[in-house]
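Chemist: For reference, the structure I am asking about is given below.
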There are 2 protein chains.
Amino acid sequence: MVVETDLSDAEVDRIFRALADATRRDILRRTTESEASVSALAATYDMSFAAVQKHVTVLADAGLVTKKAQGRERLVCANPAQIARARALLDQYERLWRSRIDRLDDLLAEDAQQ
Amino acid sequence: MVVETDLSDAEVDRIFRALADATRRDILRRTTESEASVSALAATYDMSFAAVQKHVTVLADAGLVTKKAQGRERLVCANPAQIARARALLDQYERLWRSRIDRLDDLLAEDAQQ
DNA sequence: AGTTTCTACAACCATTTGGTTGTACGTTAC
DNA sequence: GTAACGTACAACCAAATGGTTGTAGAAACT
């Protein structure tokens, strides 16, 4: 699967920073399984509603989730496209690594011929 | 490719936190292409040697790079296995998403039958 | 031996982060 | 209409982050 990765440094910063917290990763996991209101999410964490609200904001600013109003609730929905972009960024490093290995293999092959 | 992901929350925190900085991502990219000493890395960034040294420490604490002594230099080497683990974590979210879609498809199929 | 180079590490500072409480406002329920 | 619920947001605080400078030690060069 090919994923577009035209993201600015600041956007990538926000994505990985958002992922660098266990509570936020759990929110992402839960909303990936099924959307949930902020208060429904908050009910299961040992912290204030406001704290969970801030975590959701961090995820939303990173584009990893979206919020849609439904009555007085705000439903939090995961955005798998953004998760895929983050994964694609890590893929790039692995491709770099592989191309480096390939170059080393080429060098070894040349040495073997000489 | 199957990748082991038996990482604690704190370890995952460190990995994504380390990735949440453009300078550190650039160091990771460069050391993935080929190993480099800390001072060689520092020479190309518009900040002090000590600052770059700290960035390398953050990457090393996350397991994304290793340092090996060579004379008075410390060669920084990327650790592709750890990068792969981070990628595998993001894969999990995408798998979750896909299984959710599959469940929705099943529900729609049931509705269609009724 | 003396100097330079590379690294380590401490101390310090400004800003950000992750949490709190309190207040206010729109929506739902009685 | 009023009470309860869900959310938004500001103000505040402790701790972590990302930078600096300075000092010191180990390795290499002359």
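Chain labels follow the order of the structure tokens: the first chain is A, the next B, and so on; residue numbering restarts at 1 in every chain, and ligands are counted from 1 in their shown order.
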Can you show chain A as a short mmCIF file (atom, residue, chain, number, x, y, z; two decimals) with N, CA and C atoms, in the first residue's frame once it has been least-squares superposed onto chain B, using every C-alpha atom paired in order?

Modeler:
```
data_model
loop_
_atom_site.label_atom_id
_atom_site.label_comp_id
_atom_site.auth_asym_id
_atom_site.auth_seq_id
_atom_site.Cartn_x
_atom_site.Cartn_y
_atom_site.Cartn_z
N MET A 1 6.82 -9.55 7.28
CA MET A 1 7.85 -9.72 8.31
C MET A 1 7.21 -9.59 9.71
N VAL A 2 7.45 -10.57 10.56
CA VAL A 2 6.92 -10.54 11.93
C VAL A 2 7.96 -9.93 12.85
N VAL A 3 7.53 -9.00 13.67
CA VAL A 3 8.45 -8.32 14.57
C VAL A 3 7.94 -8.45 16.00
N GLU A 4 8.84 -8.78 16.92
CA GLU A 4 8.48 -8.89 18.33
C GLU A 4 8.18 -7.49 18.88
N THR A 5 7.14 -7.39 19.68
CA THR A 5 6.78 -6.07 20.21
C THR A 5 6.50 -6.14 21.70
N ASP A 6 7.27 -6.92 22.45
CA ASP A 6 7.06 -7.03 23.89
C ASP A 6 7.77 -5.86 24.58
N LEU A 7 7.20 -4.68 24.36
CA LEU A 7 7.79 -3.47 24.90
C LEU A 7 6.88 -2.91 25.98
N SER A 8 7.48 -2.39 27.05
CA SER A 8 6.68 -1.76 28.10
C SER A 8 6.18 -0.41 27.61
N ASP A 9 5.15 0.11 28.29
CA ASP A 9 4.64 1.44 27.96
C ASP A 9 5.77 2.47 27.98
N ALA A 10 6.60 2.40 28.99
CA ALA A 10 7.69 3.38 29.12
C ALA A 10 8.65 3.30 27.94
N GLU A 11 8.92 2.08 27.48
CA GLU A 11 9.82 1.92 26.33
C GLU A 11 9.19 2.49 25.07
N VAL A 12 7.91 2.24 24.88
CA VAL A 12 7.22 2.78 23.71
C VAL A 12 7.18 4.30 23.79
N ASP A 13 6.92 4.81 25.00
CA ASP A 13 6.97 6.26 25.22
C ASP A 13 8.30 6.82 24.71
N ARG A 14 9.39 6.20 25.14
CA ARG A 14 10.73 6.69 24.77
C ARG A 14 10.95 6.63 23.27
N ILE A 15 10.47 5.57 22.63
CA ILE A 15 10.67 5.43 21.18
C ILE A 15 9.97 6.56 20.43
N PHE A 16 8.67 6.76 20.72
CA PHE A 16 7.93 7.78 19.97
C PHE A 16 8.38 9.18 20.35
N ARG A 17 8.74 9.36 21.63
CA ARG A 17 9.23 10.68 22.04
C ARG A 17 10.53 11.00 21.29
N ALA A 18 11.38 10.00 21.16
CA ALA A 18 12.65 10.21 20.45
C ALA A 18 12.39 10.58 18.99
N LEU A 19 11.33 10.04 18.42
CA LEU A 19 11.02 10.31 17.01
C LEU A 19 10.32 11.66 16.82
N ALA A 20 9.91 12.27 17.94
CA ALA A 20 9.10 13.50 17.85
C ALA A 20 9.95 14.76 17.77
N ASP A 21 11.10 14.68 17.13
CA ASP A 21 11.98 15.85 17.00
C ASP A 21 12.71 15.74 15.66
N ALA A 22 12.64 16.82 14.88
CA ALA A 22 13.18 16.78 13.52
C ALA A 22 14.69 16.52 13.51
N THR A 23 15.42 17.13 14.45
CA THR A 23 16.86 16.90 14.51
C THR A 23 17.16 15.42 14.78
N ARG A 24 16.43 14.85 15.72
CA ARG A 24 16.67 13.44 16.03
C ARG A 24 16.29 12.55 14.86
N ARG A 25 15.20 12.87 14.18
CA ARG A 25 14.84 12.06 13.00
C ARG A 25 15.94 12.17 11.94
N ASP A 26 16.54 13.35 11.82
CA ASP A 26 17.60 13.50 10.83
C ASP A 26 18.84 12.69 11.23
N ILE A 27 19.15 12.71 12.52
CA ILE A 27 20.28 11.89 13.00
C ILE A 27 20.00 10.42 12.72
N LEU A 28 18.76 10.01 12.96
CA LEU A 28 18.40 8.61 12.72
C LEU A 28 18.55 8.27 11.24
N ARG A 29 18.09 9.20 10.38
CA ARG A 29 18.20 8.98 8.95
C ARG A 29 19.67 8.85 8.54
N ARG A 30 20.49 9.79 9.01
CA ARG A 30 21.90 9.78 8.62
C ARG A 30 22.63 8.55 9.11
N THR A 31 22.35 8.14 10.34
CA THR A 31 23.05 6.97 10.87
C THR A 31 22.48 5.68 10.30
N THR A 32 21.28 5.76 9.75
CA THR A 32 20.75 4.60 9.04
C THR A 32 21.50 4.43 7.73
N GLU A 33 21.80 5.57 7.09
CA GLU A 33 22.56 5.51 5.82
C GLU A 33 23.99 5.06 6.06
N SER A 34 24.63 5.62 7.10
CA SER A 34 25.96 5.14 7.48
C SER A 34 26.31 5.69 8.84
N GLU A 35 27.04 4.92 9.62
CA GLU A 35 27.37 5.35 10.98
C GLU A 35 28.20 6.62 10.96
N ALA A 36 28.12 7.40 12.04
CA ALA A 36 28.83 8.67 12.11
C ALA A 36 29.18 8.98 13.55
N SER A 37 30.30 9.70 13.76
CA SER A 37 30.68 10.11 15.11
C SER A 37 29.77 11.25 15.55
N VAL A 38 29.71 11.46 16.86
CA VAL A 38 28.86 12.52 17.39
C VAL A 38 29.30 13.88 16.87
N SER A 39 30.61 14.10 16.80
CA SER A 39 31.09 15.42 16.34
C SER A 39 30.83 15.60 14.86
N ALA A 40 30.92 14.53 14.07
CA ALA A 40 30.59 14.62 12.65
C ALA A 40 29.13 15.00 12.48
N LEU A 41 28.26 14.41 13.28
CA LEU A 41 26.85 14.76 13.24
C LEU A 41 26.67 16.23 13.64
N ALA A 42 27.29 16.59 14.76
CA ALA A 42 27.09 17.94 15.31
C ALA A 42 27.52 19.02 14.35
N ALA A 43 28.52 18.73 13.51
CA ALA A 43 29.08 19.74 12.61
C ALA A 43 28.03 20.34 11.68
N THR A 44 26.97 19.60 11.39
CA THR A 44 26.02 20.07 10.37
C THR A 44 24.75 20.67 10.96
N TYR A 45 24.62 20.70 12.28
CA TYR A 45 23.42 21.29 12.86
C TYR A 45 23.76 22.62 13.50
N ASP A 46 22.78 23.51 13.48
CA ASP A 46 22.97 24.85 14.01
C ASP A 46 22.70 24.87 15.51
N MET A 47 23.44 24.05 16.21
CA MET A 47 23.32 24.02 17.68
C MET A 47 24.63 23.49 18.25
N SER A 48 24.75 23.57 19.55
CA SER A 48 26.01 23.18 20.19
C SER A 48 26.25 21.68 20.09
N PHE A 49 27.51 21.30 20.26
CA PHE A 49 27.86 19.88 20.32
C PHE A 49 27.08 19.19 21.43
N ALA A 50 27.00 19.86 22.60
CA ALA A 50 26.31 19.26 23.75
C ALA A 50 24.85 18.97 23.43
N ALA A 51 24.21 19.87 22.68
CA ALA A 51 22.81 19.67 22.33
C ALA A 51 22.65 18.42 21.47
N VAL A 52 23.53 18.27 20.47
CA VAL A 52 23.49 17.09 19.60
C VAL A 52 23.77 15.84 20.42
N GLN A 53 24.72 15.96 21.33
CA GLN A 53 25.05 14.84 22.22
C GLN A 53 23.81 14.40 22.99
N LYS A 54 23.03 15.36 23.47
CA LYS A 54 21.80 15.02 24.20
C LYS A 54 20.80 14.32 23.28
N HIS A 55 20.68 14.79 22.05
CA HIS A 55 19.75 14.15 21.11
C HIS A 55 20.15 12.70 20.87
N VAL A 56 21.46 12.47 20.73
CA VAL A 56 21.94 11.10 20.53
C VAL A 56 21.61 10.25 21.74
N THR A 57 21.75 10.83 22.93
CA THR A 57 21.42 10.10 24.16
C THR A 57 19.95 9.70 24.17
N VAL A 58 19.07 10.62 23.76
CA VAL A 58 17.64 10.32 23.73
C VAL A 58 17.37 9.16 22.77
N LEU A 59 18.02 9.20 21.60
CA LEU A 59 17.84 8.12 20.62
C LEU A 59 18.38 6.80 21.17
N ALA A 60 19.52 6.88 21.86
CA ALA A 60 20.13 5.66 22.40
C ALA A 60 19.27 5.09 23.52
N ASP A 61 18.73 5.96 24.40
CA ASP A 61 17.87 5.49 25.49
C ASP A 61 16.61 4.83 24.93
N ALA A 62 16.19 5.26 23.75
CA ALA A 62 15.01 4.66 23.12
C ALA A 62 15.38 3.38 22.36
N GLY A 63 16.69 3.08 22.29
CA GLY A 63 17.12 1.88 21.58
C GLY A 63 17.14 2.04 20.07
N LEU A 64 16.95 3.28 19.60
CA LEU A 64 16.89 3.49 18.15
C LEU A 64 18.29 3.56 17.54
N VAL A 65 19.28 3.93 18.35
CA VAL A 65 20.67 3.89 17.89
C VAL A 65 21.54 3.29 19.00
N THR A 66 22.72 2.87 18.63
CA THR A 66 23.71 2.41 19.62
C THR A 66 24.97 3.23 19.40
N LYS A 67 25.79 3.30 20.45
CA LYS A 67 27.06 3.99 20.34
C LYS A 67 28.17 2.97 20.58
N LYS A 68 29.16 2.98 19.69
CA LYS A 68 30.32 2.12 19.96
C LYS A 68 31.58 2.97 19.96
N ALA A 69 32.41 2.74 20.98
CA ALA A 69 33.65 3.51 21.10
C ALA A 69 34.63 3.07 20.03
N GLN A 70 35.27 4.06 19.42
CA GLN A 70 36.35 3.76 18.47
C GLN A 70 37.38 4.87 18.67
N GLY A 71 38.43 4.53 19.43
CA GLY A 71 39.40 5.55 19.81
C GLY A 71 38.74 6.60 20.64
N ARG A 72 38.95 7.85 20.30
CA ARG A 72 38.31 8.91 21.08
C ARG A 72 36.91 9.22 20.56
N GLU A 73 36.56 8.63 19.43
CA GLU A 73 35.23 8.89 18.88
C GLU A 73 34.18 7.92 19.41
N ARG A 74 32.92 8.34 19.31
CA ARG A 74 31.80 7.43 19.58
C ARG A 74 31.00 7.36 18.30
N LEU A 75 31.00 6.19 17.69
CA LEU A 75 30.26 6.02 16.44
C LEU A 75 28.81 5.72 16.75
N VAL A 76 27.91 6.46 16.14
CA VAL A 76 26.47 6.28 16.33
C VAL A 76 25.95 5.42 15.19
N CYS A 77 25.30 4.31 15.56
CA CYS A 77 24.77 3.38 14.55
C CYS A 77 23.26 3.23 14.76
N ALA A 78 22.49 3.33 13.71
CA ALA A 78 21.05 3.10 13.80
C ALA A 78 20.77 1.65 14.16
N ASN A 79 19.67 1.42 14.86
CA ASN A 79 19.24 0.06 15.20
C ASN A 79 17.92 -0.23 14.49
N PRO A 80 18.01 -0.80 13.29
CA PRO A 80 16.79 -0.98 12.49
C PRO A 80 15.77 -1.89 13.15
N ALA A 81 16.22 -2.78 14.05
CA ALA A 81 15.27 -3.67 14.72
C ALA A 81 14.28 -2.86 15.56
N GLN A 82 14.79 -1.83 16.22
CA GLN A 82 13.90 -1.02 17.07
C GLN A 82 12.95 -0.18 16.21
N ILE A 83 13.46 0.32 15.08
CA ILE A 83 12.60 1.05 14.15
C ILE A 83 11.47 0.14 13.68
N ALA A 84 11.83 -1.11 13.41
CA ALA A 84 10.83 -2.08 12.95
C ALA A 84 9.78 -2.31 14.03
N ARG A 85 10.22 -2.32 15.31
CA ARG A 85 9.25 -2.53 16.40
C ARG A 85 8.25 -1.38 16.44
N ALA A 86 8.75 -0.15 16.28
CA ALA A 86 7.85 1.01 16.28
C ALA A 86 6.84 0.89 15.14
N ARG A 87 7.35 0.48 13.99
CA ARG A 87 6.46 0.32 12.84
C ARG A 87 5.41 -0.75 13.13
N ALA A 88 5.84 -1.82 13.79
CA ALA A 88 4.91 -2.91 14.10
C ALA A 88 3.80 -2.45 15.02
N LEU A 89 4.13 -1.52 15.92
CA LEU A 89 3.10 -0.99 16.83
C LEU A 89 2.02 -0.26 16.04
N LEU A 90 2.45 0.53 15.05
CA LEU A 90 1.47 1.26 14.23
C LEU A 90 0.68 0.29 13.37
N ASP A 91 1.33 -0.79 12.95
CA ASP A 91 0.62 -1.82 12.19
C ASP A 91 -0.57 -2.35 12.99
N GLN A 92 -0.36 -2.50 14.32
CA GLN A 92 -1.44 -3.05 15.16
C GLN A 92 -2.70 -2.20 15.06
N TYR A 93 -2.52 -0.87 15.08
CA TYR A 93 -3.71 -0.01 14.97
C TYR A 93 -4.40 -0.21 13.64
N GLU A 94 -3.61 -0.35 12.60
CA GLU A 94 -4.22 -0.55 11.28
C GLU A 94 -4.95 -1.88 11.21
N ARG A 95 -4.38 -2.89 11.86
CA ARG A 95 -5.07 -4.19 11.87
C ARG A 95 -6.38 -4.07 12.64
N LEU A 96 -6.34 -3.36 13.78
CA LEU A 96 -7.57 -3.14 14.56
C LEU A 96 -8.62 -2.48 13.68
N TRP A 97 -8.19 -1.46 12.95
CA TRP A 97 -9.11 -0.73 12.08
C TRP A 97 -9.72 -1.66 11.06
N ARG A 98 -8.86 -2.48 10.46
CA ARG A 98 -9.36 -3.38 9.41
C ARG A 98 -10.35 -4.38 9.99
N SER A 99 -10.05 -4.88 11.20
CA SER A 99 -10.97 -5.87 11.79
C SER A 99 -12.30 -5.19 12.13
N ARG A 100 -12.21 -3.90 12.48
CA ARG A 100 -13.46 -3.17 12.74
C ARG A 100 -14.28 -3.04 11.46
N ILE A 101 -13.61 -2.71 10.38
CA ILE A 101 -14.29 -2.61 9.08
C ILE A 101 -14.91 -3.96 8.71
N ASP A 102 -14.15 -5.02 8.97
CA ASP A 102 -14.66 -6.36 8.65
C ASP A 102 -15.94 -6.64 9.44
N ARG A 103 -15.94 -6.26 10.72
CA ARG A 103 -17.14 -6.48 11.55
C ARG A 103 -18.31 -5.69 10.98
N LEU A 104 -18.03 -4.46 10.58
CA LEU A 104 -19.11 -3.64 10.00
C LEU A 104 -19.63 -4.28 8.72
N ASP A 105 -18.70 -4.81 7.93
CA ASP A 105 -19.11 -5.48 6.70
C ASP A 105 -20.02 -6.66 7.02
N ASP A 106 -19.65 -7.42 8.06
CA ASP A 106 -20.46 -8.56 8.46
C ASP A 106 -21.86 -8.11 8.85
N LEU A 107 -21.92 -7.03 9.62
CA LEU A 107 -23.23 -6.51 10.03
C LEU A 107 -24.07 -6.13 8.83
N LEU A 108 -23.44 -5.45 7.88
CA LEU A 108 -24.15 -5.04 6.68
C LEU A 108 -24.64 -6.24 5.91
N ALA A 109 -23.80 -7.27 5.85
CA ALA A 109 -24.18 -8.49 5.14
C ALA A 109 -25.39 -9.13 5.81
N GLU A 110 -25.39 -9.15 7.15
CA GLU A 110 -26.54 -9.71 7.88
C GLU A 110 -27.80 -8.92 7.57
N ASP A 111 -27.66 -7.60 7.60
CA ASP A 111 -28.81 -6.74 7.32
C ASP A 111 -29.36 -7.03 5.92
N ALA A 112 -28.45 -7.22 4.98
CA ALA A 112 -28.87 -7.44 3.61
C ALA A 112 -29.65 -8.74 3.49
N GLN A 113 -29.27 -9.73 4.31
CA GLN A 113 -29.96 -11.02 4.25
C GLN A 113 -31.37 -10.97 4.83
N GLN A 114 -31.55 -10.08 5.80
CA GLN A 114 -32.86 -10.05 6.47
C GLN A 114 -33.95 -9.40 5.64
#
```

Chemist: Starting from chain D, keep only residues with some atom at most 12 Å from an atom of chain A, counting only C-alpha atoms (C1' of nucleotides), and report them as a PDB file with C-alpha atoms (C1' of nucleotides), in the first residue's frame.

Modeler:
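For reference, selection09.pdb as written:
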```pdb
ATOM      1  C1'  DC D   5     -24.863  15.919  31.741  1.00  0.00           C
ATOM      2  C1'  DG D   6     -21.126  16.731  28.374  1.00  0.00           C
ATOM      3  C1'  DT D   7     -17.985  19.883  26.894  1.00  0.00           C
ATOM      4  C1'  DA D   8     -14.828  24.048  26.552  1.00  0.00           C
ATOM      5  C1'  DC D   9     -11.508  26.765  28.436  1.00  0.00           C
ATOM      6  C1'  DA D  10      -8.721  29.480  31.656  1.00  0.00           C
TER       7       DA D  10
END
```

Chemist: Using backbone DSSP assignments, extract all alpha helix (DSSP H) residues from chain B; output them as a PyMOL selection string.

Modeler: chain B and resi 9-19+22-33+38-42+49-61+80-113

Chemist: Could the residues of chain C that have an atom at most 12 Å from chain B be listed as JSON lines, each with its closest atom pair and the distance in Å to one decimal, counting only C-alpha atoms (C1' of nucleotides) and ordered by chain and ascending residue number?

Modeler:
```
{"residue": "C:DT5", "atom": "C1'", "partner": "B:Arg72", "partner_atom": "CA", "distance": 8.3}
{"residue": "C:DC6", "atom": "C1'", "partner": "B:Arg72", "partner_atom": "CA", "distance": 5.7}
{"residue": "C:DT7", "atom": "C1'", "partner": "B:Glu73", "partner_atom": "CA", "distance": 7.2}
{"residue": "C:DA8", "atom": "C1'", "partner": "B:Gln53", "partner_atom": "CA", "distance": 9.3}
{"residue": "C:DC9", "atom": "C1'", "partner": "B:Ala50", "partner_atom": "CA", "distance": 9.6}
{"residue": "C:DA10", "atom": "C1'", "partner": "B:Ala50", "partner_atom": "CA", "distance": 11.7}
```

Chemist: Given the selection you just returned, output its residues as a file containing N, CA and C atoms (P, O5', C5', C4', C3', O3' and C1' of nucleotides), formatted as an mmCIF file, in the first residue's frame.

Modeler:
```cif
data_model
loop_
_atom_site.group_PDB
_atom_site.id
_atom_site.type_symbol
_atom_site.label_atom_id
_atom_site.label_comp_id
_atom_site.auth_asym_id
_atom_site.auth_seq_id
_atom_site.Cartn_x
_atom_site.Cartn_y
_atom_site.Cartn_z
ATOM 1 P P DT C 5 41.833 21.069 16.817
ATOM 2 O "O5'" DT C 5 41.183 19.660 17.179
ATOM 3 C "C5'" DT C 5 41.838 18.468 16.747
ATOM 4 C "C4'" DT C 5 41.064 17.252 17.224
ATOM 5 C "C3'" DT C 5 39.538 17.397 17.148
ATOM 6 O "O3'" DT C 5 39.011 16.215 16.587
ATOM 7 C "C1'" DT C 5 40.178 16.772 19.327
ATOM 8 P P DC C 6 37.490 16.105 16.139
ATOM 9 O "O5'" DC C 6 36.833 15.242 17.305
ATOM 10 C "C5'" DC C 6 37.287 13.905 17.527
ATOM 11 C "C4'" DC C 6 36.646 13.385 18.791
ATOM 12 C "C3'" DC C 6 35.139 13.649 18.889
ATOM 13 O "O3'" DC C 6 34.453 12.416 19.002
ATOM 14 C "C1'" DC C 6 36.255 14.214 20.905
ATOM 15 P P DT C 7 32.879 12.335 19.194
ATOM 16 O "O5'" DT C 7 32.727 12.253 20.781
ATOM 17 C "C5'" DT C 7 33.392 11.210 21.478
ATOM 18 C "C4'" DT C 7 33.320 11.441 22.966
ATOM 19 C "C3'" DT C 7 31.912 11.537 23.544
ATOM 20 O "O3'" DT C 7 31.671 10.389 24.337
ATOM 21 C "C1'" DT C 7 33.386 13.152 24.485
ATOM 22 P P DA C 8 30.267 10.177 25.054
ATOM 23 O "O5'" DA C 8 30.469 10.833 26.490
ATOM 24 C "C5'" DA C 8 31.498 10.371 27.337
ATOM 25 C "C4'" DA C 8 31.409 11.093 28.669
ATOM 26 C "C3'" DA C 8 29.988 11.216 29.214
ATOM 27 O "O3'" DA C 8 29.983 10.763 30.556
ATOM 28 C "C1'" DA C 8 31.032 13.343 29.148
ATOM 29 P P DC C 9 28.612 10.494 31.343
ATOM 30 O "O5'" DC C 9 28.461 11.814 32.213
ATOM 31 C "C5'" DC C 9 29.603 12.385 32.837
ATOM 32 C "C4'" DC C 9 29.296 13.786 33.340
ATOM 33 C "C3'" DC C 9 27.823 14.011 33.699
ATOM 34 O "O3'" DC C 9 27.759 14.677 34.935
ATOM 35 C "C1'" DC C 9 28.584 15.736 32.347
ATOM 36 P P DA C 10 26.476 14.469 35.910
ATOM 37 O "O5'" DA C 10 26.541 15.762 36.833
ATOM 38 C "C5'" DA C 10 27.818 16.328 37.164
ATOM 39 C "C4'" DA C 10 27.745 17.848 37.088
ATOM 40 C "C3'" DA C 10 26.437 18.429 37.615
ATOM 41 O "O3'" DA C 10 26.733 19.428 38.569
ATOM 42 C "C1'" DA C 10 26.940 19.331 35.485
#
```

Chemist: Enumerate the residues of chain A with a DSSP assignment of strand (DSSP E or B), computed from the backbone, and present them as number ranges by chain.

Modeler: A: 36-37, 65-70, 73-78

Chemist: List as a ChimeraX atom specification the protein and nucleic acid residues near DA29 (chain C), meaning an atom at most 12 Å away when only C-alpha atoms (C1' of nucleotides) are counted, but skip any in the same chain fewer than 6 places from it.

Modeler: /D:2-5

Chemist: Restricting it to C-alpha atoms (C1' of nucleotides), dump the selection as a CSV table (one decimal), in the first residue's frame.

Modeler:
```csv
chain,number,residue,atom,x,y,z
D,2,DT,C1',-34.7,23.5,36.4
D,3,DA,C1',-31.5,20.0,37.2
D,4,DA,C1',-28.1,17.0,35.3
D,5,DC,C1',-24.9,15.9,31.7
```
